[in-house]
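Colleague: This is coords.txt, which holds compact mmCIF, C-alpha atoms:
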# COMPACT_ATOMS: atom_id res chain seq x y z
CA MET A 160 76.94 144.68 128.09
CA ARG A 161 77.13 141.31 126.34
CA LEU A 162 80.15 139.84 124.64
CA ILE A 163 78.48 139.16 121.31
CA ARG A 164 75.05 140.31 120.23
CA THR A 165 73.75 139.08 116.92
CA SER A 166 71.56 141.29 114.79
CA ARG A 167 67.81 141.33 115.34
CA SER A 168 67.21 139.47 112.05
CA ASP A 169 69.65 136.71 113.02
CA ARG A 170 68.03 136.31 116.38
CA SER A 171 64.42 136.24 115.29
CA GLN A 172 64.81 133.01 113.29
CA GLY A 173 66.32 130.81 116.03
CA ASP A 174 65.31 130.79 119.63
CA PRO A 175 61.67 131.31 120.60
CA ASP A 176 62.95 132.70 123.91
CA GLN A 177 65.13 135.36 122.27
CA GLU A 178 62.99 138.32 123.26
CA LEU A 179 62.99 137.20 126.89
CA ILE A 180 66.74 136.58 126.72
CA ASP A 181 67.31 140.19 125.62
CA ARG A 182 65.11 141.59 128.35
CA ILE A 183 66.60 139.40 131.08
CA ALA A 184 70.09 140.33 129.91
CA ASP A 185 69.13 143.90 130.71
CA GLY A 186 68.14 142.87 134.23
CA ASP A 187 64.36 142.67 133.66
CA GLN A 188 63.02 140.50 136.50
CA ARG A 189 59.51 140.45 135.04
CA ALA A 190 60.90 138.81 131.90
CA PHE A 191 62.63 136.27 134.12
CA SER A 192 59.28 135.52 135.73
CA GLU A 193 57.85 134.85 132.25
CA LEU A 194 60.77 132.53 131.54
CA MET A 195 59.93 130.59 134.70
CA ASP A 196 56.29 130.33 133.58
CA ARG A 197 57.51 128.79 130.33
CA HIS A 198 60.21 126.42 131.54
CA LEU A 199 60.18 125.83 135.28
CA GLY A 200 57.78 122.89 134.98
CA THR A 201 59.93 121.40 132.22
CA ILE A 202 63.10 121.53 134.30
CA VAL A 203 61.39 120.25 137.45
CA GLY A 204 59.91 117.41 135.38
CA LEU A 205 63.26 116.46 133.89
CA ALA A 206 64.97 116.47 137.28
CA THR A 207 62.11 114.53 138.88
CA HIS A 208 62.41 111.78 136.27
CA MET A 209 66.18 111.73 136.69
CA LEU A 210 66.25 111.76 140.49
CA GLY A 211 62.87 110.30 141.43
CA ASP A 212 62.63 112.88 144.19
CA ARG A 213 60.53 116.01 143.90
CA PHE A 214 62.40 118.00 146.56
CA ALA A 215 65.79 117.25 145.05
CA ALA A 216 64.34 118.14 141.64
CA GLU A 217 63.22 121.55 142.91
CA ASP A 218 66.70 122.12 144.24
CA ILE A 219 68.17 121.35 140.83
CA ALA A 220 65.62 123.60 139.11
CA GLN A 221 66.50 126.47 141.42
CA THR A 222 70.19 126.03 140.62
CA VAL A 223 69.47 125.96 136.88
CA PHE A 224 67.41 129.16 136.99
CA MET A 225 69.94 130.97 139.16
CA LYS A 226 72.66 130.03 136.65
CA THR A 227 70.41 131.24 133.84
CA TRP A 228 69.87 134.59 135.54
CA GLN A 229 73.59 135.08 135.95
CA THR A 230 74.57 133.80 132.51
CA LEU A 231 72.11 135.63 130.27
CA PRO A 232 73.89 139.04 130.27
CA ASN A 233 76.78 137.27 128.53
CA TRP A 234 74.65 134.90 126.43
CA GLN A 235 75.93 134.27 122.91
CA SER A 236 72.92 133.94 120.66
CA GLY A 237 73.04 131.69 117.64
CA GLN A 238 74.49 128.68 119.41
CA ALA A 239 72.22 126.36 121.41
CA LYS A 240 68.64 127.35 122.17
CA LEU A 241 68.23 128.54 125.74
CA ILE A 242 65.97 125.66 126.76
CA THR A 243 68.48 123.13 125.37
CA TRP A 244 71.24 124.77 127.41
CA MET A 245 69.02 124.75 130.51
CA ARG A 246 68.21 121.07 130.01
CA LYS A 247 71.93 120.38 129.66
CA VAL A 248 72.73 122.18 132.91
CA ALA A 249 69.89 120.33 134.66
CA THR A 250 70.98 116.95 133.30
CA ASN A 251 74.59 117.49 134.36
CA GLN A 252 73.50 118.63 137.81
CA CYS A 253 71.36 115.49 138.16
CA LEU A 254 74.15 113.19 136.96
CA ASP A 255 76.54 114.80 139.46
CA ARG A 256 74.02 114.37 142.24
CA LEU A 257 73.37 110.72 141.35
CA ARG A 258 77.11 110.06 141.27
CA ALA A 259 77.60 111.68 144.67
CA ALA A 260 74.64 109.81 146.14
CA ARG A 261 76.05 106.53 144.90
CA LEU A 262 79.36 107.25 146.58
CA VAL A 263 77.58 107.80 149.89
CA TYR A 264 74.80 105.23 149.64
CA SER A 265 76.47 102.59 147.51
CA ASP A 266 74.83 99.80 149.57
CA ASN A 267 71.39 101.27 149.18
CA LEU A 268 70.53 101.06 145.49
CA PRO A 269 66.82 101.04 144.68
CA ASP A 270 65.16 97.65 144.30
CA ASN A 271 63.68 96.57 141.01
CA PRO A 272 60.00 97.43 141.00
CA ASP A 273 57.73 94.55 141.84
CA MET A 274 55.43 94.30 138.85
CA SER A 275 53.57 91.12 139.72
CA PRO A 276 49.88 91.48 138.78
CA ASP A 277 48.60 92.20 142.29
CA GLN A 278 51.32 94.67 143.07
CA SER A 279 51.00 96.24 139.66
CA ASP A 280 47.28 96.83 140.11
CA LEU A 281 47.88 98.25 143.53
CA MET A 282 50.59 100.54 142.33
CA ILE A 283 48.56 101.69 139.36
CA ALA A 284 45.67 102.41 141.65
CA GLN A 285 47.77 104.10 144.30
CA ASP A 286 50.56 105.87 142.57
CA ARG A 287 51.47 104.95 139.03
CA ALA A 288 53.85 107.84 138.77
CA ASN A 289 55.92 106.50 141.66
CA ALA A 290 56.11 103.16 139.91
CA VAL A 291 57.52 104.89 136.87
CA HIS A 292 60.11 106.69 139.00
CA SER A 293 61.08 103.43 140.68
CA ALA A 294 61.49 101.75 137.32
CA LEU A 295 63.56 104.63 135.98
CA ALA A 296 65.74 104.45 139.08
CA THR A 297 66.86 100.95 138.09
CA LEU A 298 68.48 102.28 134.92
CA PRO A 299 72.08 103.42 134.65
CA ASP A 300 72.25 107.21 134.96
CA ARG A 301 72.89 108.07 131.32
CA GLN A 302 70.24 105.68 130.01
CA ARG A 303 67.77 107.26 132.43
CA ALA A 304 68.80 110.71 131.24
CA ALA A 305 68.34 109.74 127.58
CA LEU A 306 64.91 108.24 128.22
CA SER A 307 63.81 111.23 130.31
CA LEU A 308 64.87 113.60 127.56
CA SER A 309 63.35 111.59 124.72
CA TYR A 310 60.14 110.24 126.23
CA PHE A 311 59.15 112.85 128.80
CA GLN A 312 60.73 115.98 127.33
CA HIS A 313 60.23 115.17 123.63
CA VAL A 314 63.76 116.39 122.92
CA SER A 315 64.99 115.75 119.39
CA GLN A 316 67.71 113.19 118.70
CA LYS A 317 70.14 115.99 117.86
CA ASP A 318 69.46 118.02 120.99
CA GLY A 319 69.44 114.93 123.21
CA ALA A 320 72.84 113.91 121.88
CA SER A 321 74.15 117.42 122.41
CA ILE A 322 72.83 117.56 126.00
CA LEU A 323 74.54 114.27 126.87
CA ASN A 324 77.66 115.12 124.88
CA VAL A 325 77.49 112.01 122.72
CA SER A 326 76.98 111.26 119.03
CA GLU A 327 73.43 110.83 117.75
CA SER A 328 73.96 107.10 117.24
CA ALA A 329 75.32 106.75 120.80
CA TYR A 330 72.25 108.60 122.08
CA GLU A 331 69.98 106.23 120.18
CA SER A 332 71.89 103.29 121.58
CA LEU A 333 71.32 104.61 125.13
CA LEU A 334 67.61 104.78 124.36
CA VAL A 335 67.47 101.24 122.99
CA ARG A 336 69.27 99.86 126.03
CA ALA A 337 67.11 101.85 128.45
CA ARG A 338 63.88 100.66 126.88
CA LYS A 339 65.14 97.09 126.65
CA SER A 340 66.11 97.06 130.34
CA LEU A 341 62.73 98.43 131.34
CA LYS A 342 60.86 95.93 129.19
CA GLN A 343 62.82 93.12 130.83
CA SER A 344 62.43 94.41 134.38
CA LEU A 345 58.72 95.04 133.83
CA ASP A 346 58.36 91.64 132.18
CA LEU A 347 57.00 93.09 128.96
CA THR A 348 59.12 90.99 126.66
CA GLY A 349 56.55 88.29 125.96
CA ASN A 350 55.99 89.41 122.40
CA GLU A 351 59.34 88.27 121.04
CA GLN A 352 57.75 85.19 119.49
CA LEU A 353 55.11 87.38 117.91
CA ASN A 354 57.83 89.58 116.43
CA ALA A 355 59.61 86.51 115.12
CA GLY A 356 56.31 85.38 113.59
CA VAL A 357 55.98 88.64 111.69
CA LYS A 358 59.52 88.38 110.39
CA SER A 359 59.22 84.82 109.11
CA MET C 281 61.17 101.76 105.49
CA THR C 282 61.94 98.09 106.01
CA GLN C 283 60.54 96.05 108.87
CA ASP C 284 63.94 96.08 110.56
CA ASP C 285 64.08 99.87 110.28
CA PHE C 286 60.64 100.10 111.84
CA ILE C 287 61.66 97.80 114.71
CA SER C 288 64.78 99.88 115.27
CA LEU C 289 62.64 103.04 115.30
CA ILE C 290 60.18 101.84 117.92
CA GLN C 291 62.86 100.19 120.04
CA SER C 292 64.60 103.57 120.31
CA TYR C 293 61.75 106.06 120.45
CA GLY C 294 58.67 104.05 121.30
CA THR C 295 55.38 103.83 119.50
CA THR C 296 54.24 107.46 119.61
CA PRO C 297 54.95 109.00 116.20
CA SER C 298 55.43 112.48 117.70
CA HIS C 299 58.47 111.08 119.57
CA TRP C 300 60.09 109.81 116.36
CA PRO C 301 62.90 111.80 114.73
CA ASP C 302 61.64 114.24 112.08
CA ASP C 303 63.60 112.58 109.29
CA ARG C 304 62.08 109.14 109.94
CA ARG C 305 58.54 110.03 110.98
CA ALA C 306 56.99 110.09 107.52
CA ALA C 307 58.50 106.72 106.58
CA GLY C 308 57.40 105.23 109.90
CA LEU C 309 53.84 106.45 109.41
CA ARG C 310 53.84 105.03 105.90
CA PHE C 311 54.90 101.64 107.30
CA LEU C 312 52.07 101.88 109.84
CA SER C 313 49.49 102.52 107.15
CA ASP C 314 50.91 100.01 104.65
CA PHE C 315 51.31 97.14 107.13
CA PRO C 316 48.92 97.85 110.01
CA GLU C 317 48.71 94.26 111.29
CA ASP C 318 52.46 93.67 111.22
CA ALA C 319 53.08 97.04 112.82
CA LYS C 320 50.62 96.29 115.62
CA LEU C 321 52.36 93.01 116.41
CA LEU C 322 55.82 94.58 116.22
CA MET C 323 54.82 97.41 118.55
CA GLY C 324 53.33 95.12 121.22
CA GLU C 325 55.89 95.27 124.03
CA ASP C 326 56.98 98.85 123.25
CA ALA C 327 53.36 99.98 123.30
CA ALA C 328 53.00 98.37 126.73
CA LEU C 329 56.14 100.15 127.94
CA ASP C 330 54.88 103.48 126.60
CA GLU C 331 51.57 102.90 128.36
CA PHE C 332 53.42 102.25 131.61
CA LEU C 333 55.70 105.28 131.20
CA SER C 334 52.80 107.58 130.36
CA ALA C 335 51.85 107.52 134.04
CA GLY C 336 55.04 109.48 134.69
CA ASN C 337 53.78 112.37 132.56
CA GLN C 338 52.70 114.62 135.38
CA SER C 339 52.18 118.33 135.47
CA PHE C 340 54.07 120.02 138.25
CA ASP C 341 52.77 122.82 140.40
CA THR C 342 55.72 125.18 140.55
CA GLU C 343 54.13 128.32 141.98
CA LEU C 344 55.89 128.19 145.36
CA LEU C 345 59.21 127.32 143.79
CA LYS C 346 58.79 130.18 141.34
CA ARG C 347 58.26 132.66 144.18
CA ARG C 348 61.31 131.29 146.00
CA ILE C 349 63.52 131.71 142.94
CA ALA C 350 62.12 135.18 142.18
CA LYS C 351 62.98 136.26 145.73
CA LYS C 352 66.50 134.92 145.31
CA ILE C 353 67.22 136.58 141.99
CA ALA C 354 66.02 139.91 143.37
CA GLN C 355 68.97 139.67 145.77
CA THR C 356 71.46 138.34 143.23
CA PRO C 357 73.27 140.70 140.88
CA GLN C 358 73.87 139.46 137.35
CA LYS C 359 77.43 138.74 136.28
CA VAL C 360 78.03 141.23 133.51
CA GLN C 361 81.33 140.92 131.68
CA PRO C 362 83.21 144.07 130.54
CA ARG C 363 81.88 145.67 127.37
CA THR C 364 85.10 145.44 125.33
CA SER C 365 85.61 142.25 123.43
CA PRO C 366 88.62 140.06 124.30
CA ARG C 367 90.28 140.69 120.91
CA TRP C 368 90.36 144.48 121.34
CA GLY C 369 91.55 144.09 124.91
CA ALA C 370 94.43 141.84 123.88
CA MET C 371 95.45 144.19 121.07
CA ALA C 372 95.44 147.20 123.40
CA ALA C 373 97.53 145.33 125.96
CA MET C 374 100.07 144.29 123.30
CA LEU C 375 100.42 147.88 122.04
CA ALA C 376 100.95 149.18 125.57
CA VAL C 377 103.64 146.59 126.30
CA SER C 378 105.40 147.25 122.98
CA PHE C 379 105.39 151.00 123.61
CA THR C 380 106.77 150.63 127.14
CA LEU C 381 109.53 148.28 126.03
CA GLY C 382 110.42 150.61 123.17
CA VAL C 383 110.74 153.66 125.46
CA LEU C 384 112.73 151.80 128.10
CA GLY C 385 114.98 150.21 125.50
CA GLY C 386 115.65 153.55 123.81
CA ARG C 387 116.71 155.15 127.07
CA SER C 388 118.95 152.55 128.57
CA TRP C 389 120.60 150.74 125.66
CA PRO C 390 123.62 152.31 123.83
CA VAL C 391 123.56 152.74 120.04
CA GLY C 392 125.09 149.89 118.09
CA THR C 393 125.79 146.33 118.95
CA PRO C 394 128.00 145.49 121.97
CA ILE C 395 130.94 144.63 119.62
CA GLU C 396 130.68 148.01 117.87
CA GLN C 397 130.51 149.74 121.23
CA GLU C 398 133.72 148.01 122.38
CA ALA C 399 135.55 148.98 119.14
CA VAL C 400 134.58 152.66 119.49
CA SER C 401 135.79 152.89 123.08
CA GLU C 402 139.13 151.26 122.07
CA ASP C 403 139.71 153.91 119.31
CA VAL C 404 139.02 156.77 121.71
CA THR C 405 141.56 155.42 124.19
CA GLN C 406 144.25 155.12 121.49
CA TYR C 407 143.73 158.72 120.28
CA ALA C 408 143.90 160.01 123.84
CA GLU C 409 147.15 158.19 124.52
CA ALA C 410 148.71 159.49 121.24
CA ALA C 411 147.74 163.10 122.06
CA ASP C 412 149.39 162.82 125.46
CA THR C 413 152.77 162.04 123.82
CA LEU C 414 152.69 165.19 121.61
CA GLY C 415 154.53 168.36 122.78
CA MET C 416 153.30 171.90 122.00
CA THR C 417 155.96 172.34 119.26
CA ASP C 418 154.65 169.32 117.42
CA ILE C 419 151.19 170.70 117.56
CA TYR C 420 152.28 174.16 116.21
CA GLU C 421 154.15 172.52 113.38
CA TRP C 422 151.20 170.29 112.56
CA VAL C 423 148.79 173.25 112.52
CA ALA C 424 151.23 175.43 110.45
CA GLY C 425 151.74 172.60 107.97
CA ASP C 426 148.01 172.25 107.63
CA GLU C 427 147.63 175.99 106.85
CA LEU C 428 150.31 175.82 104.19
Translate the structure of the given file into structure tokens.
Modeller:
Amino acid sequence: MRLIRTSRSDRSQGDPDQELIDRIADGDQRAFSELMDRHLGTIVGLATHMLGDRFAAEDIAQTVFMKTWQTLPNWQSGQAKLITWMRKVATNQCLDRLRAARLVYSDNLPDNPDMSPDQSDLMIAQDRANAVHSALATLPDRQRAALSLSYFQHVSQKDGASILNVSESAYESLLVRARKSLKQSLDLTGNEQLNAGVKS
Amino acid sequence: MTQDDFISLIQSYGTTPSHWPDDRRAAGLRFLSDFPEDAKLLMGEDAALDEFLSAGNQSFDTELLKRRIAKKIAQTPQKVQPRTSPRWGAMAAMLAVSFTLGVLGGRSWPVGTPIEQEAVSEDVTQYAEAADTLGMTDIYEWVAGDEL
């Protein structure tokens, strides 16, 4: 049924989803439901941070899970973990969607978030999560993807680099630039003198 | 870990040790405990950013979406690839092609190279022409001489 099936002993050491993978590969829809219980929130969260739009994120998540359902019968165990592969598919789908949206709405890029004290208090009181999404939306796509993976998904440096198809040092550089941009746009860079004081 | 290493760590991954790479976490934690005041100052703006970002850590209610996807997969057959592996398939195809070519070649191609074939047909023609010039007497004499 599958192209390559590794032995049970090989499989048990790697992917925590391996048992579900085997059952889904045999067409078990109940196992697929369990997989959704485990990872649907993760994928929706990743796509929401990438796109800043819950409905679009659900669309992406649906696409990712449909692809997973169709791919698992031919899944080659022993390569990437399933959740890493799913995050990669989700990230690529989001990047494609952002690229397409920019082609259509190139004059309508999101504004930088207004983080003056009054507005900040208001936003924190009303919807702090939306403020985060607005701030993330100001970042270049790949920086946003790296930050979403690292900060919100707790993905390791190695997996993050693999998802974005870059070296680990390039991934770290994306993170540094993303955080630096956010600190500047949120006006959080007032501690530079303090840092210099520590160094001297 | 030097101070510069620590700065590089928090500028990439923030101030939450669980976000730090496994191979640098222990050293980062040691820096935190060895130089708590310096570390606190160094982490200032990144701690503020982490605090801001933490508001984006939401849990998502996915029950409706889950039902929608479950309904869809119930109507979607899985894409199962053929059981044979590509290597066996390729080998089988090569054997079949070789066999077919061998059979066809054996039937339609004459034995020997084209040059040999031409030489043979030239010899046959010469013998036939020579036999035509012989009379019956010559043949009797030739046969009688052979018997003697």
Colleague: With 10 Å as the cut-off and all atoms listed in the file counted, what is the closest atom pair between each nearby residue of region 289-350 of chain C and region 310-325 of chain A? Distances in Å to one decimal, ordered by chain and number, as CSV.
Modeller:
residue,atom,partner,partner_atom,distance
C:Ser292,CA,A:Tyr310,CA,10.0
C:Tyr293,CA,A:Tyr310,CA,7.3
C:Gly294,CA,A:Tyr310,CA,8.0
C:Thr296,CA,A:Tyr310,CA,9.3
C:Ser298,CA,A:His313,CA,8.1
C:His299,CA,A:His313,CA,6.0
C:Trp300,CA,A:Ser315,CA,8.3
C:Pro301,CA,A:Gln316,CA,6.4
C:Asp302,CA,A:Ser315,CA,8.2
C:Asp330,CA,A:Tyr310,CA,8.6
C:Leu333,CA,A:Tyr310,CA,8.3
C:Ser334,CA,A:Phe311,CA,8.4
C:Gly336,CA,A:Phe311,CA,7.9
C:Asn337,CA,A:Phe311,CA,6.6
C:Gln338,CA,A:Phe311,CA,9.4
Colleague: Write down, as number ranges by chain, each residue of chain C that has any atom within 6 Å of an atom of chain A, counting only C-alpha atoms.
Modeller: C: 291-292, 322, 325, 333, 335-336, 340, 358-360, 363
Colleague: Using Å and a single decimal, report how far CA of Glu327 (chain A) sits from CA of Pro316 (chain C).
Modeller: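 Here the two named atoms are 28.8 Å from each other.
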Colleague: Expressed in Å to a single decimal, how great is the separation between CA of Leu194 (chain A) and CA of Leu179 (chain A)?
Modeller: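 Those two atoms sit 7.0 Å apart.
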Colleague: CA of Lys320 (chain C) and CA of Arg303 (chain A), how far apart in Å?
Modeller: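 CA of Lys320 (chain C) lies 26.4 Å from CA of Arg303 (chain A).
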Colleague: Considering all atoms listed in the file, can you say which of A:Glu193, A:Asp187, A:Cys253, A:Trp234 comes closest to Ala206 (chain A)?
Modeller: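 Among A:Glu193, A:Asp187, A:Cys253, A:Trp234, it is A:Cys253 that comes nearest to Ala206 (chain A).
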Colleague: Please define a box with edges along x, y and z of the file around all atoms of region 335-347 of chain C given in the file, extend it by 5 Å on each side, and return its centre and edge lengths in Å to one decimal, as JSON.
Modeller:
{"center_x": 55.5, "center_y": 120.1, "center_z": 139.0, "size_x": 17.4, "size_y": 35.1, "size_z": 22.8}
